[in-house]
Amino acid sequence: MNIKDRILEIVPEAQFAEQGDLTATIPAESFHALAERLKNDEDAQFDFLLSLTGMDWGETLGVVYHLESTKYGHNIVLKTMTDNRENPELPSVTDLWEAADFNEREVFDFFGIRFVNHSDMRRLYLREDWVGYPLRKDYDDSLNPLRMTNEVTEDTTEELSLDDEGNLINKTNVLFEDKEYVVNIGPQHPATHGVLRFRTSLEGETIKKIEPYCGYIHRGIEKMNESLTYPQTLALTDRLDYLGAHQNRHAVCMCVEKAMGVEVSERVQYIRTIMDELQRIDSHLLFYSCACMDLGALTAFFYGFRDREKILDIFEATTGGRLIQNYNTIGGVQTDIAPDFVKNVKEFIAYLRPLLKEYHDVFTGNVITQQRFKGVGVLTREDAISFGATGGTGRASGWACDTRKRKPYAMYGKVDFKEIVYTEGDCFARYMVRMDEILESMKIIEQLIDNIPEGDYQVKMKPIIRVPEGNYFASVEASRGEFGVFIESHGDKFPYRMKYRSTGLPLVSVIDTITRGAKIADLIAIGATLDYVVPDIDR
Amino acid sequence: MEIKKPKIKSMQYEDFKDNEYLEKMVAEINAEGTNVLLGSLDDLINWGRSNSLWPLTFATSCCGIEFMALGAARYDMARFGFEVARASPRQADMIMVCGTITDRMAPVLKRLYDQMPDPKYVIAVGGCAVSGGPFKKSYHVVNGVDQIMPVDVYIPGCPPRPESFYYGMMQLQRKVKLEKFFGGVNRKEKEEK
């Protein structure tokens, strides 16, 4: 099926741009009907909303959608816009993809676009009393001094909906009733893994509803990127998901390289792949440590951290950084690998392999672990896809969503490894996926480490990098899901818009669905196994 | 006058930087003379206080992972008496602000600080907490926690290495050792009223 023809058949006014990725511009009034067809038609089945990006094009405000079909693997970029800057309104697609819920709230927060029929049109990251929309090009920051007053949390929310005659009406929806027993968890709570806040409605010990509040570590990286040159933007990517620092940066470098048509040497591909996998082991070891600690197994925390330090030593010898390495650059890597890199990596793998068994002996088989993990917080495959919960969480629900297999990049097309997929979708499956992935990562590294080819570690680039005009998207499999980078370039040395597909945002948005009916203590186990990193959610 | 020199195990007084700052602080504290009896009691209590500073488990971003590494086996902050990380501000002696503080977080952090009992200390860890760091120009980042609460020790780095954490913690220990407890830091709040 030709997607272009199909779109033209449904919406004859659609316009296509060939610069960068294939992008279809759809008028706002026919957008929802098209989206519905693309989602539901038998031969289209775009069931995965990969990314939803708000845009400010000066005259118009709009949204860019990246859609993908999990069945056929094809993808399409859709654009829709409105020229009303005072009261911008666009149709909501929350009824088609659950992932749109938080993403549309994000767009409302940053651009002020109100989505018609979205049942919860509140700000997602910024305070309710924030003035203006920061990612608009005409945003005035002087209106928002540091407010030290405590924030007021409302129990109601706004909805803009259409009545039967097609008129827009404002509706007020209730989040929590007056009689409900609502417990506040976070933002300062050790089990939320950072500054995330949950308002939890309880019936006895049973969770009735959870409202996540994000933004306590929203650092405005996307807006900052618009005034940074491409090499400068790289530094901030490491600080998004610091347990996937290499991978995040890899994605941005790949995206710019793809746009510029730069081919990096095979040596660089090898180094990047090995580093990505080491980072994944590092992240999964930390996951193991923290998940165990959250359930009260403090010894396991020490085991995980002890072995993680060995990876950090390897990183440090080559890159100079422990946690944040600033290693990838556009067209290569910062510096060649350390002379004893190969030896150290091999030693580390030989060291870690028997210890994994010990990990399982200490923790996995434990009766408490089994009872607190098995059958708790079940995420179905349909929900995982609809919410876009990629990574270990998606694979634990039976969705083979590994970017390394779906869209092979770097050396992943040439190495042999198994995609770990469990079908239970509970906490135990999420835990086991990550433990098994450590083994697969070691397998990948072993296949590459002895064959690193000779060559340059950096392609010569111009001092000022100007990306040709167009839209570009690239994604990698980061430690906790698909991390994507969307760049819209207008041919300048600064990106016009740079958006990161957060790996953690979908994971937080599923939390309400999978905790319904669970006990409050299960929230800790569920949060631990979802394995989100809060600065990556908030960006 | 010879000033009192705080003793830190395995690190000489001369090896520390910023000794002038410490000497100035001692001169100010002792400007009105020292009570011999209370002074000796102060030393005893400060010895205990400085070697059991309980931090609040507070981390917003990257530096928090290094803070966890501090607690784990290789770096082991228990050697300095810092290991009892408390999840409640009411039980903590000091707060290590690990990570970026955003506009939304600032009132929450201030409230946490206000909930801590006196005497309390603040360490600003990492570029973000010191000055806003790489996010200085962002619309949603506080340019340094010293805008919202007094800071005792600054630890630069992005993120700082565990060794830098220790250096900063030892600097705080030195400060604690020199303070007057009786009629000094234990009554700070009353004086403010």
# chains A, B, ... in the order shown; residues from 1 in each chain; ligands from 1
call {"tool": "interface_residues", "arguments": {"of": "chain B", "to": "chain A", "cutoff": "9 Å", "atoms": "only C-alpha atoms", "output": "NGL selection string"}}
result
:B and (57-66 or 68-69 or 71-74 or 87-88 or 99-112 or 134-135 or 137-142 or 148 or 158-159 or 161)
call {"tool": "write_last_selection", "arguments": {"atoms": "C-alpha atoms", "output": "PDB file, in the first residue's frame"}}
result
ATOM      1  CA  THR B  57      17.574  12.049  50.903  1.00  0.00           C
ATOM      2  CA  PHE B  58      17.032  14.773  48.389  1.00  0.00           C
ATOM      3  CA  ALA B  59      17.957  14.501  44.741  1.00  0.00           C
ATOM      4  CA  THR B  60      16.335  15.959  41.680  1.00  0.00           C
ATOM      5  CA  SER B  61      18.633  14.808  38.908  1.00  0.00           C
ATOM      6  CA  CYS B  62      22.043  13.554  37.832  1.00  0.00           C
ATOM      7  CA  CYS B  63      23.943  14.441  41.021  1.00  0.00           C
ATOM      8  CA  GLY B  64      21.515  12.224  42.905  1.00  0.00           C
ATOM      9  CA  ILE B  65      22.966   9.134  41.253  1.00  0.00           C
ATOM     10  CA  GLU B  66      26.420  10.146  42.429  1.00  0.00           C
ATOM     11  CA  MET B  68      23.708   7.080  45.735  1.00  0.00           C
ATOM     12  CA  ALA B  69      27.158   5.962  44.632  1.00  0.00           C
ATOM     13  CA  GLY B  71      26.273   5.574  49.901  1.00  0.00           C
ATOM     14  CA  ALA B  72      27.285   2.347  48.164  1.00  0.00           C
ATOM     15  CA  ALA B  73      30.218   0.066  48.753  1.00  0.00           C
ATOM     16  CA  ARG B  74      33.156   1.702  47.000  1.00  0.00           C
ATOM     17  CA  ALA B  87      13.679  10.524  54.094  1.00  0.00           C
ATOM     18  CA  SER B  88      12.031  13.041  56.410  1.00  0.00           C
ATOM     19  CA  GLY B  99      20.548  18.621  41.000  1.00  0.00           C
ATOM     20  CA  THR B 100      18.717  21.365  39.212  1.00  0.00           C
ATOM     21  CA  ILE B 101      16.134  23.361  41.142  1.00  0.00           C
ATOM     22  CA  THR B 102      13.339  24.565  38.915  1.00  0.00           C
ATOM     23  CA  ASP B 103      10.780  27.289  39.468  1.00  0.00           C
ATOM     24  CA  ARG B 104       8.161  24.722  40.354  1.00  0.00           C
ATOM     25  CA  MET B 105      10.446  22.914  42.787  1.00  0.00           C
ATOM     26  CA  ALA B 106      11.743  26.035  44.558  1.00  0.00           C
ATOM     27  CA  PRO B 107       8.805  26.531  46.979  1.00  0.00           C
ATOM     28  CA  VAL B 108       8.842  22.816  47.768  1.00  0.00           C
ATOM     29  CA  LEU B 109      12.549  22.894  48.539  1.00  0.00           C
ATOM     30  CA  LYS B 110      12.106  25.960  50.721  1.00  0.00           C
ATOM     31  CA  ARG B 111       9.404  24.181  52.644  1.00  0.00           C
ATOM     32  CA  LEU B 112      11.645  21.165  53.140  1.00  0.00           C
ATOM     33  CA  PRO B 134      24.344  24.484  32.032  1.00  0.00           C
ATOM     34  CA  PHE B 135      20.692  25.495  32.417  1.00  0.00           C
ATOM     35  CA  LYS B 137      19.569  30.590  30.632  1.00  0.00           C
ATOM     36  CA  SER B 138      16.477  28.438  30.913  1.00  0.00           C
ATOM     37  CA  TYR B 139      13.116  30.002  31.709  1.00  0.00           C
ATOM     38  CA  HIS B 140      12.347  27.466  34.407  1.00  0.00           C
ATOM     39  CA  VAL B 141      15.592  27.061  36.358  1.00  0.00           C
ATOM     40  CA  VAL B 142      16.590  28.821  39.577  1.00  0.00           C
ATOM     41  CA  ILE B 148      16.152  30.757  48.198  1.00  0.00           C
ATOM     42  CA  CYS B 158      28.664  18.376  36.590  1.00  0.00           C
ATOM     43  CA  PRO B 159      28.187  16.064  38.364  1.00  0.00           C
ATOM     44  CA  ARG B 161      33.033  13.232  41.515  1.00  0.00           C
TER      45      ARG B 161
END
call {"tool": "select_by_dssp", "arguments": {"residues": "region 213-460 of chain A", "states": "alpha helix (DSSP H)", "output": "PyMOL selection string"}}
result
chain A and resi 221-225+230-237+245-260+266-294+298-319+341-359+367-373+381-387+391-396+403-406+427-449
call {"tool": "residues_around", "arguments": {"residues": "Lys209 (chain A)", "least_positions_apart": "6", "cutoff": "8 Å", "atoms": "only C-alpha atoms", "output": "list of chain:residue names"}}
result
A:Thr200, A:Ser201, A:Leu202, A:Asp512, A:Thr515, A:Arg516
call {"tool": "write_last_selection", "arguments": {"atoms": "N, CA and C atoms", "output": "short mmCIF file (atom, residue, chain, number, x, y, z; two decimals), in the first residue's frame"}}
result
data_model
loop_
_atom_site.label_atom_id
_atom_site.label_comp_id
_atom_site.auth_asym_id
_atom_site.auth_seq_id
_atom_site.Cartn_x
_atom_site.Cartn_y
_atom_site.Cartn_z
N THR A 200 -2.88 10.32 45.00
CA THR A 200 -3.43 8.98 44.97
C THR A 200 -4.73 8.93 45.73
N SER A 201 -5.79 8.53 45.06
CA SER A 201 -7.07 8.40 45.73
C SER A 201 -7.22 6.96 46.21
N LEU A 202 -7.51 6.81 47.49
CA LEU A 202 -7.52 5.48 48.09
C LEU A 202 -8.90 5.10 48.59
N ASP A 512 -1.49 5.28 36.00
CA ASP A 512 -2.87 5.31 36.48
C ASP A 512 -3.62 4.04 36.06
N THR A 515 -2.23 0.75 38.00
CA THR A 515 -2.33 0.65 39.46
C THR A 515 -3.77 0.57 39.93
N ARG A 516 -4.74 0.77 39.05
CA ARG A 516 -6.14 0.71 39.48
C ARG A 516 -6.43 -0.63 40.15
#
call {"tool": "residues_around", "arguments": {"residues": "region 42-49 of chain B", "least_positions_apart": "5", "cutoff": "10 Å", "atoms": "only C-alpha atoms", "output": "list in words"}}
result
Pro6, Lys7, Asn35, Val36, Leu37, Trp54, Gly81, Asp93, Pro119, Gln173, Arg174, Lys175, Val176, Lys177, Leu178, Glu179, Lys180, Phe181, Phe182, Gly183 and Gly184 of chain B
call {"tool": "atom_distance", "arguments": {"atom1": "CA of Pro212 (chain A)", "atom2": "CA of Arg197 (chain A)"}}
result
5.8 Å
call {"tool": "atom_distance", "arguments": {"atom1": "CA of Gly132 (chain A)", "atom2": "CA of Asp155 (chain A)"}}
result
22.3 Å
call {"tool": "closest_residue", "arguments": {"among": "A:Ser475, A:Gln279, A:Asn184, A:Gln232", "to": "Ile330 (chain A)", "atoms": "only C-alpha atoms"}}
result
A:Gln232
call {"tool": "residues_around", "arguments": {"residues": "Tyr21 (chain B)", "least_positions_apart": "5", "cutoff": "12 Å", "atoms": "only C-alpha atoms", "output": "number ranges by chain"}}
result
B: 16, 26-28, 152-153, 171, 174-175
call {"tool": "residues_around", "arguments": {"residues": "Ser441 (chain A)", "least_positions_apart": "4", "cutoff": "9 Å", "atoms": "only C-alpha atoms", "output": "VMD selection string"}}
result
chain A and resid 274 277 to 278 280 to 281 417 436 to 437 445 to 446
call {"tool": "residues_around", "arguments": {"residues": "region 407-413 of chain A", "least_positions_apart": "5", "cutoff": "7 Å", "atoms": "only C-alpha atoms", "output": "ChimeraX atom specification"}}
result
/A:269-270,273
call {"tool": "select_by_dssp", "arguments": {"residues": "chain B", "states": "strand (DSSP E or B)", "output": "ChimeraX atom specification"}}
result
/B:8,11,55-56,59,86,94-98,102,121-125,141,153-155
call {"tool": "closest_residue", "arguments": {"among": "A:Leu234, A:Cys401, A:Glu158, A:Thr529", "to": "Glu68 (chain A)", "atoms": "only C-alpha atoms"}}
result
A:Cys401
call {"tool": "closest_residue", "arguments": {"among": "A:Cys253, A:Leu530, A:Ala350, A:Met260", "to": "Pro506 (chain A)", "atoms": "only C-alpha atoms"}}
result
A:Leu530
call {"tool": "atom_distance", "arguments": {"atom1": "CA of Leu22 (chain B)", "atom2": "CA of Gly168 (chain B)"}}
result
13.6 Å
